[in-house]
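Step one of this worksheet: look at the structure below.
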Amino acid sequence: MTNQQNPEKQPVQAPIYQIRVEGHLGSQWEEAFDGLTVTQEDSGTTLLTGPVIDQAALHGFLRRIRDLGMTIVSVVRLESNPTDESND
């Protein structure tokens, strides 16, 4: 039995994604998109924002958007931990 800590075994946070679609969706869509935050933008688009556990989940969201006939404007992965920057 060893007392060494393994830095690779630290909990991994799901990356945050922003998925922008054409049109305005109401907040009732948050449940349909597993809790992603729904934000209506002045530009006439809706931003779906939140953690996405893995690529399979991301593809599931994109497939759901496609199946509902929505138009995807953009998909952006945000930094999952923006405070973890090194100052070399």
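Ordering of the structure tokens sets the chain letters (A, B, ...); residue numbers start at 1 within each chain; ligands are numbered from 1 in the order shown.
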Shell of 8 Å around Trp29 (chain A), only C-alpha atoms, local chain residues under 4 positions omitted, as an NGL selection string: :A and (25 or 33 or 38)
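Shortest atom-to-atom contact with Gly50 (chain A) among A:Val73, A:Leu36, A:Leu62, A:Val12: A:Leu36, counting only C-alpha atoms.
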Going by DSSP on the backbone, which residues of region 5-65 of chain A come out as helix (DSSP H, G or I)? List them as a ChimeraX atom specification. /A:7-9,29-32,55-65
Find the spatial neighbours of region 15-19 of chain A, counting only C-alpha atoms, within a cut-off of 6 Å - ignore same-chain residues fewer than 4 positions away - and output them as a ChimeraX atom specification. /A:47-52,74-78,80
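Distances to Ala14 (chain A) were evaluated for A:Leu58, A:Ile65, A:Ile53, A:Met70 using only C-alpha atoms, and the minimum falls at A:Ile53.
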Choose the residue, out of A:Gly60, A:Asp54, A:Leu68, A:Gly26, that has the smallest atom-to-atom separation from Gln13 (chain A); count only C-alpha atoms. A:Asp54
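Take the candidates A:Glu79, A:Gly69, A:Ala57, A:Gly23 and check each one against Ser43 (chain A) using only C-alpha atoms; the shortest distance goes to A:Gly23.
Nearest to Arg20 (chain A) of all the residues A:Ala56, A:Thr46, A:Arg66, A:Phe61 is A:Thr46, counting only C-alpha atoms.
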